[in-house]
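Peer 1: My questions will all concern the structure given below.
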Amino acid sequence: MPVRLPTSDQRPLRAIGVRVLIAFGLLLLVAVVAYLGRAGYRDSAGGQVGLLDAVYYATVSITTTGYGDIVPVSDGARLVTTVVVTPARILFLIILVGTTLELLAERYRESYRLRRWRSSVRDHVIVCGYGVKGRAAIEQIRGQGVAADRVLVIDDAPGAIARANADGYAAVLGDATHSATLREAGIGEARAVGVAPTRDGTAVLVTLTARELAPGVFIAAAAREAENAHLLRQGGADSVISSSDAAGRLLGLATHSPRIVNILEDLLSAGEGLDIIERPVEHGEVDRTAVAVDRGELLVAVVRDGDLIRFDDPRAERLRPGDRLVCLAGRPRKGKAEDPEGAAATDGPSSATPIRPAG
């Protein structure tokens, strides 16, 4: 279950491939030259030098093995050996040594990158499964401002791992239901785990294993069928999303109110159009009434002591220290505008939601 880090530089591998082709080209060149001048060569075993003998001579000559059973005897053959075979032999050795050093250097660079990654990976997000759901989840995670180097993919399909690397994410090739795989992904230092395999049974096993290894990590799991959602919750998932039910509800809503579905899809696309954000209540907002929100934010709910309080609940009218606000926020617009009092204000979501004083 090796960790594979993304890389955009494949030139060393291409260079090695080119060198191998050049080496075979040199071998072919010496074989052709020896065959064309076969009359100037002598085989200690007797008989004329044929095509197979020429290839054999090229092989043992260019690799400096030199058994001495086929040797140039004429002046022309010795001249060709001097001006063609010997330089080809030297070039072949240079290619051989250079390729070996290139492979060793590439392996050392990869090992060094892996050691650096292991020492620095903290507070990352692990996504188990790089299928449609996994890729969509990562897109949403990135839209919330999480850097690519803070996302790690686990999948047991080499093709999915290659795609994750190509998309810029570190990945672990292995089964996420195994403890060793999750440890390799650094689940002890992760801040969240997204469970998005193709089968609900696998999702339950991954959730159970992840919760056992990291009791404090936040786990969000996706279930294809709603009847399996409770198994994921019992297995330790903090949040469970039923993909089939969610798609069915949106489909039904679209037949009646398609524009509402457009808004919901907009809300689900982080960084585009409208976003749902959660932020801590600021010091100046404590003990004030949450009746109006300006500057591109609209209050939806208040999170207090782990409970979600809707905006129309009387408990949400007065904010307390430690509350978190769930708001709708528009994406930032280009440019800046001056507020009525002359202070420069950015157009877009603000980190502080204006709250009117209690009446």
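Numbering starts fresh at 1 for the residues of each chain in the structure tokens, the chains themselves are lettered A, B, ... in the order given, and ligands are numbered from 1 as they appear.
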Name the residues in contact with Ala301 in chain A at a cut-off of 9 Å, using only C-alpha atoms, excluding same-chain residues fewer than 5 positions from it; report them as a ChimeraX atom specification.

Peer 2: /A:308-313,316,324-327

Peer 1: Atoms to include: C-alpha atoms. Write the selected residues as an mmCIF file, in the first residue's frame.

Peer 2:
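Result file again.cif:
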```cif
data_model
loop_
_atom_site.group_PDB
_atom_site.id
_atom_site.type_symbol
_atom_site.label_atom_id
_atom_site.label_comp_id
_atom_site.auth_asym_id
_atom_site.auth_seq_id
_atom_site.Cartn_x
_atom_site.Cartn_y
_atom_site.Cartn_z
ATOM 1 C CA LEU A 308 -28.438 23.307 15.093
ATOM 2 C CA ILE A 309 -30.957 26.102 15.773
ATOM 3 C CA ARG A 310 -32.891 27.419 12.778
ATOM 4 C CA PHE A 311 -33.148 31.140 12.191
ATOM 5 C CA ASP A 312 -36.886 31.132 13.060
ATOM 6 C CA ASP A 313 -36.282 29.543 16.461
ATOM 7 C CA ALA A 316 -31.510 32.089 17.693
ATOM 8 C CA ARG A 324 -21.347 29.551 15.183
ATOM 9 C CA LEU A 325 -23.393 31.161 12.430
ATOM 10 C CA VAL A 326 -24.531 29.328 9.323
ATOM 11 C CA CYS A 327 -25.109 31.870 6.582
#
```

Peer 1: Run DSSP on the backbone and tell me which residues of range 30-217 of chain A come out as strand (DSSP E or B); list them as an NGL selection string.

Peer 2: :A and (41-43 or 70-72 or 125-128 or 151-155 or 170-173 or 192-195)

Peer 1: Give me a file of those residues, with N, CA and C atoms, as a compact mmCIF listing (two decimals), in the first residue's frame.

Peer 2:
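Writing done, so here's selection-v7.txt:
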```txt
# COMPACT_ATOMS: atom_id res chain seq x y z
N TYR A 41 36.04 -10.62 -41.12
CA TYR A 41 36.00 -11.15 -39.76
C TYR A 41 36.25 -12.66 -39.80
N ARG A 42 36.81 -13.18 -38.73
CA ARG A 42 37.09 -14.60 -38.64
C ARG A 42 36.44 -15.17 -37.40
N ASP A 43 35.78 -16.32 -37.61
CA ASP A 43 35.12 -17.01 -36.51
C ASP A 43 36.00 -18.18 -36.08
N ILE A 70 35.07 -14.11 -32.37
CA ILE A 70 34.91 -13.45 -33.66
C ILE A 70 35.74 -12.18 -33.63
N VAL A 71 36.71 -12.09 -34.53
CA VAL A 71 37.64 -10.95 -34.50
C VAL A 71 37.81 -10.41 -35.91
N PRO A 72 38.08 -9.08 -36.01
CA PRO A 72 38.38 -8.51 -37.33
C PRO A 72 39.81 -8.90 -37.74
N VAL A 125 -7.31 16.05 4.84
CA VAL A 125 -8.59 15.40 4.61
C VAL A 125 -8.34 14.13 3.79
N ILE A 126 -8.84 13.01 4.29
CA ILE A 126 -8.70 11.74 3.59
C ILE A 126 -10.02 11.42 2.89
N VAL A 127 -9.95 11.10 1.63
CA VAL A 127 -11.13 10.72 0.86
C VAL A 127 -10.94 9.28 0.40
N CYS A 128 -11.80 8.39 0.88
CA CYS A 128 -11.71 6.97 0.54
C CYS A 128 -12.59 6.69 -0.67
N VAL A 151 -5.13 17.17 0.77
CA VAL A 151 -6.11 16.16 0.40
C VAL A 151 -5.37 14.88 0.04
N LEU A 152 -5.81 13.75 0.60
CA LEU A 152 -5.19 12.47 0.31
C LEU A 152 -6.27 11.48 -0.09
N VAL A 153 -6.00 10.74 -1.16
CA VAL A 153 -6.97 9.79 -1.71
C VAL A 153 -6.54 8.37 -1.36
N ILE A 154 -7.51 7.54 -1.02
CA ILE A 154 -7.28 6.10 -0.85
C ILE A 154 -8.17 5.36 -1.85
N ASP A 155 -7.58 4.48 -2.61
CA ASP A 155 -8.35 3.67 -3.55
C ASP A 155 -7.55 2.40 -3.83
N ALA A 170 -1.97 13.52 -3.44
CA ALA A 170 -1.27 12.35 -2.94
C ALA A 170 -2.28 11.22 -2.76
N ALA A 171 -1.81 9.99 -2.91
CA ALA A 171 -2.75 8.87 -2.87
C ALA A 171 -2.09 7.64 -2.27
N VAL A 172 -2.92 6.80 -1.68
CA VAL A 172 -2.48 5.52 -1.13
C VAL A 172 -3.20 4.42 -1.89
N LEU A 173 -2.43 3.52 -2.48
CA LEU A 173 -3.02 2.38 -3.18
C LEU A 173 -3.26 1.27 -2.16
N ALA A 192 -10.40 15.18 8.95
CA ALA A 192 -11.67 14.67 8.47
C ALA A 192 -11.43 13.52 7.51
N VAL A 193 -12.41 12.63 7.44
CA VAL A 193 -12.37 11.49 6.52
C VAL A 193 -13.67 11.46 5.74
N GLY A 194 -13.57 11.42 4.44
CA GLY A 194 -14.74 11.27 3.59
C GLY A 194 -14.79 9.84 3.06
N VAL A 195 -15.88 9.15 3.31
CA VAL A 195 -16.02 7.75 2.91
C VAL A 195 -16.94 7.70 1.70
```

Peer 1: With a distance cut-off of 9 Å and only C-alpha atoms, select the neighbouring residues of Ala160 in chain A, excluding the residue or stretch itself and same-chain residues fewer than 6 positions from it, and output the selection as a PDB file with C-alpha atoms, in the first residue's frame.

Peer 2:
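Below you can see result.pdb, which holds the result:
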```
ATOM      1  CA  GLY A 129     -12.679   6.259  -3.047  1.00  0.00           C
ATOM      2  CA  TYR A 130     -11.848   8.264  -6.165  1.00  0.00           C
ATOM      3  CA  GLY A 131     -14.977   7.503  -8.129  1.00  0.00           C
ATOM      4  CA  LEU A 173      -3.017   2.382  -3.180  1.00  0.00           C
TER       5      LEU A 173
END
```

Peer 1: Figure out the distance between CA of Ala226 in chain A and CA of Leu251 in chain A, please, to one decimal in Å.

Peer 2: 16.1 Å

Peer 1: Which neighbours of Ala147 in chain A fall inside 12 Å, counting only C-alpha atoms, when residues of the same chain fewer than 2 positions from it are skipped, and could you give them as a list in words?

Peer 2: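 Listing them by chain and then by number gives Val121, Asp123, His124, Val125, Ile138, Glu139, Gln140, Ile141, Arg142, Gly143, Gln144, Gly145, Asp149, Arg150, Val151, Leu152, Gly168, Tyr169 and Ala170 of chain A.
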
Peer 1: At a cut-off of 7 Å, using only C-alpha atoms, what residues contact range 35-37 of chain A? Leave out same-chain residues fewer than 3 positions from it and give the result as a ChimeraX atom specification.

Peer 2: /A:31-32,40,50-51,54,77

Peer 1: Keeping only C-alpha atoms, write those residues as an mmCIF file, in the first residue's frame.

Peer 2:
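Output saved as result.cif:
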```
data_model
loop_
_atom_site.group_PDB
_atom_site.id
_atom_site.type_symbol
_atom_site.label_atom_id
_atom_site.label_comp_id
_atom_site.auth_asym_id
_atom_site.auth_seq_id
_atom_site.Cartn_x
_atom_site.Cartn_y
_atom_site.Cartn_z
ATOM 1 C CA ALA A 31 25.556 -5.626 -36.075
ATOM 2 C CA VAL A 32 24.825 -4.190 -39.538
ATOM 3 C CA GLY A 40 36.930 -9.235 -42.933
ATOM 4 C CA GLY A 50 26.457 -14.876 -40.739
ATOM 5 C CA LEU A 51 23.725 -12.527 -39.565
ATOM 6 C CA ALA A 54 27.133 -10.407 -36.552
ATOM 7 C CA ALA A 77 37.391 -4.512 -40.633
#
```

Peer 1: Write out as a PyMOL selection string all residues of range 227-272 of chain A that DSSP puts in alpha helix (DSSP H) for this structure's backbone.

Peer 2: chain A and resi 229-234+243-256+258-267

Peer 1: Excluding Ile276 in chain A and any residue of its chain fewer than 6 positions from it, enumerate the residues within 10 Å of it, using only C-alpha atoms, and give them as a ChimeraX atom specification.

Peer 2: /A:144,266-270,297-300,326-330

Peer 1: Could the residues in this selection be saved with N, CA and C atoms as a PDB file, in the first residue's frame?

Peer 2:
```
ATOM      1  N   GLN A 144     -13.774  25.042  -0.870  1.00  0.00           N
ATOM      2  CA  GLN A 144     -13.836  25.675   0.450  1.00  0.00           C
ATOM      3  C   GLN A 144     -12.481  26.181   0.914  1.00  0.00           C
ATOM      4  N   ASP A 266     -26.390  25.483  -7.010  1.00  0.00           N
ATOM      5  CA  ASP A 266     -25.448  26.589  -6.832  1.00  0.00           C
ATOM      6  C   ASP A 266     -24.872  26.562  -5.424  1.00  0.00           C
ATOM      7  N   LEU A 267     -25.720  26.304  -4.439  1.00  0.00           N
ATOM      8  CA  LEU A 267     -25.257  26.251  -3.053  1.00  0.00           C
ATOM      9  C   LEU A 267     -24.278  25.099  -2.833  1.00  0.00           C
ATOM     10  N   LEU A 268     -24.447  24.027  -3.577  1.00  0.00           N
ATOM     11  CA  LEU A 268     -23.581  22.869  -3.415  1.00  0.00           C
ATOM     12  C   LEU A 268     -22.253  23.019  -4.146  1.00  0.00           C
ATOM     13  N   SER A 269     -22.087  24.080  -4.904  1.00  0.00           N
ATOM     14  CA  SER A 269     -20.830  24.326  -5.625  1.00  0.00           C
ATOM     15  C   SER A 269     -20.060  25.407  -4.882  1.00  0.00           C
ATOM     16  N   ALA A 270     -19.107  25.000  -4.068  1.00  0.00           N
ATOM     17  CA  ALA A 270     -18.356  25.956  -3.252  1.00  0.00           C
ATOM     18  C   ALA A 270     -17.527  26.867  -4.125  1.00  0.00           C
ATOM     19  N   GLU A 297     -24.401  38.332   3.350  1.00  0.00           N
ATOM     20  CA  GLU A 297     -24.643  37.163   4.199  1.00  0.00           C
ATOM     21  C   GLU A 297     -26.086  37.160   4.689  1.00  0.00           C
ATOM     22  N   LEU A 298     -26.671  35.987   4.709  1.00  0.00           N
ATOM     23  CA  LEU A 298     -28.033  35.824   5.199  1.00  0.00           C
ATOM     24  C   LEU A 298     -28.036  34.686   6.200  1.00  0.00           C
ATOM     25  N   LEU A 299     -28.458  34.972   7.434  1.00  0.00           N
ATOM     26  CA  LEU A 299     -28.425  33.968   8.497  1.00  0.00           C
ATOM     27  C   LEU A 299     -29.415  32.844   8.213  1.00  0.00           C
ATOM     28  N   VAL A 300     -28.938  31.616   8.361  1.00  0.00           N
ATOM     29  CA  VAL A 300     -29.766  30.431   8.166  1.00  0.00           C
ATOM     30  C   VAL A 300     -29.992  29.709   9.488  1.00  0.00           C
ATOM     31  N   VAL A 326     -24.425  29.919  10.654  1.00  0.00           N
ATOM     32  CA  VAL A 326     -24.531  29.328   9.323  1.00  0.00           C
ATOM     33  C   VAL A 326     -25.252  30.338   8.447  1.00  0.00           C
ATOM     34  N   CYS A 327     -24.571  30.791   7.406  1.00  0.00           N
ATOM     35  CA  CYS A 327     -25.109  31.870   6.582  1.00  0.00           C
ATOM     36  C   CYS A 327     -25.016  31.539   5.099  1.00  0.00           C
ATOM     37  N   LEU A 328     -25.862  32.186   4.317  1.00  0.00           N
ATOM     38  CA  LEU A 328     -25.727  32.195   2.872  1.00  0.00           C
ATOM     39  C   LEU A 328     -24.866  33.390   2.501  1.00  0.00           C
ATOM     40  N   ALA A 329     -23.902  33.164   1.635  1.00  0.00           N
ATOM     41  CA  ALA A 329     -22.991  34.242   1.258  1.00  0.00           C
ATOM     42  C   ALA A 329     -22.789  34.222  -0.247  1.00  0.00           C
ATOM     43  N   GLY A 330     -22.795  35.399  -0.836  1.00  0.00           N
ATOM     44  CA  GLY A 330     -22.516  35.502  -2.264  1.00  0.00           C
ATOM     45  C   GLY A 330     -21.030  35.507  -2.505  1.00  0.00           C
TER      46      GLY A 330
END
```

Peer 1: As an exercise, work out the distance from CA of Ser74 in chain A to CA of Ala34 in chain A in Å and give it to one decimal place.

Peer 2: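 Computing it gives 12.1 Å between the two atoms.
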
Peer 1: Name the closest residue to Ile277 in chain A among the candidates A:Leu26, A:Ile263, A:Leu253, A:Val302; distances are taken between atoms, counting only C-alpha atoms.

Peer 2: A:Val302

Peer 1: Which polymer residues have any atom within 12 Å of an atom of Gly322 in chain A, counting only C-alpha atoms, with same-chain residues fewer than 5 positions away left out, as an MDAnalysis selection string?

Peer 2: chainID A and resid 279:283 285:287 302:306

Peer 1: Restrict the selected residues to N, CA and C atoms and save them as a CSV table (one decimal), in the first residue's frame.

Peer 2:
```csv
chain,number,residue,atom,x,y,z
A,279,ARG,N,-19.3,30.2,10.3
A,279,ARG,CA,-18.2,31.0,10.9
A,279,ARG,C,-18.5,31.2,12.4
A,280,PRO,N,-17.5,31.5,13.2
A,280,PRO,CA,-17.8,31.8,14.6
A,280,PRO,C,-18.4,33.2,14.8
A,281,VAL,N,-19.2,33.3,15.8
A,281,VAL,CA,-19.8,34.6,16.2
A,281,VAL,C,-18.6,35.5,16.6
A,282,GLU,N,-18.7,36.7,16.2
A,282,GLU,CA,-17.6,37.7,16.6
A,282,GLU,C,-18.0,38.4,17.9
A,283,HIS,N,-16.9,39.0,18.5
A,283,HIS,CA,-17.1,39.6,19.8
A,283,HIS,C,-18.2,40.6,19.8
A,285,GLU,N,-20.8,40.8,18.1
A,285,GLU,CA,-22.1,40.2,17.8
A,285,GLU,C,-22.8,39.5,19.0
A,286,VAL,N,-22.0,39.3,20.1
A,286,VAL,CA,-22.6,38.7,21.3
A,286,VAL,C,-23.6,39.5,21.9
A,287,ASP,N,-24.7,38.9,22.4
A,287,ASP,CA,-25.8,39.5,23.0
A,287,ASP,C,-26.6,40.5,22.1
A,302,VAL,N,-28.1,28.8,13.7
A,302,VAL,CA,-27.0,29.1,14.7
A,302,VAL,C,-26.7,27.7,15.3
A,303,VAL,N,-25.4,27.4,15.4
A,303,VAL,CA,-24.9,26.2,16.0
A,303,VAL,C,-24.5,26.5,17.5
A,304,ARG,N,-25.2,25.9,18.4
A,304,ARG,CA,-24.9,26.2,19.8
A,304,ARG,C,-24.8,24.9,20.6
A,305,ASP,N,-23.7,24.7,21.2
A,305,ASP,CA,-23.5,23.5,22.0
A,305,ASP,C,-23.8,22.2,21.3
A,306,GLY,N,-23.4,22.2,20.0
A,306,GLY,CA,-23.6,21.0,19.2
A,306,GLY,C,-25.0,20.9,18.5
```

Peer 1: Which residue gives the smallest distance to Ser179 in chain A among A:Leu29, A:Val85, A:Ala214, A:Ala247, with only C-alpha atoms counted?

Peer 2: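 Smallest distance to Ser179 in chain A is found for A:Ala214.
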
Peer 1: Counting only C-alpha atoms, figure out which residue out of A:Val20, A:Val80, A:Arg122, A:Ala58 gets nearest to Ile94 in chain A.

Peer 2: A:Val20
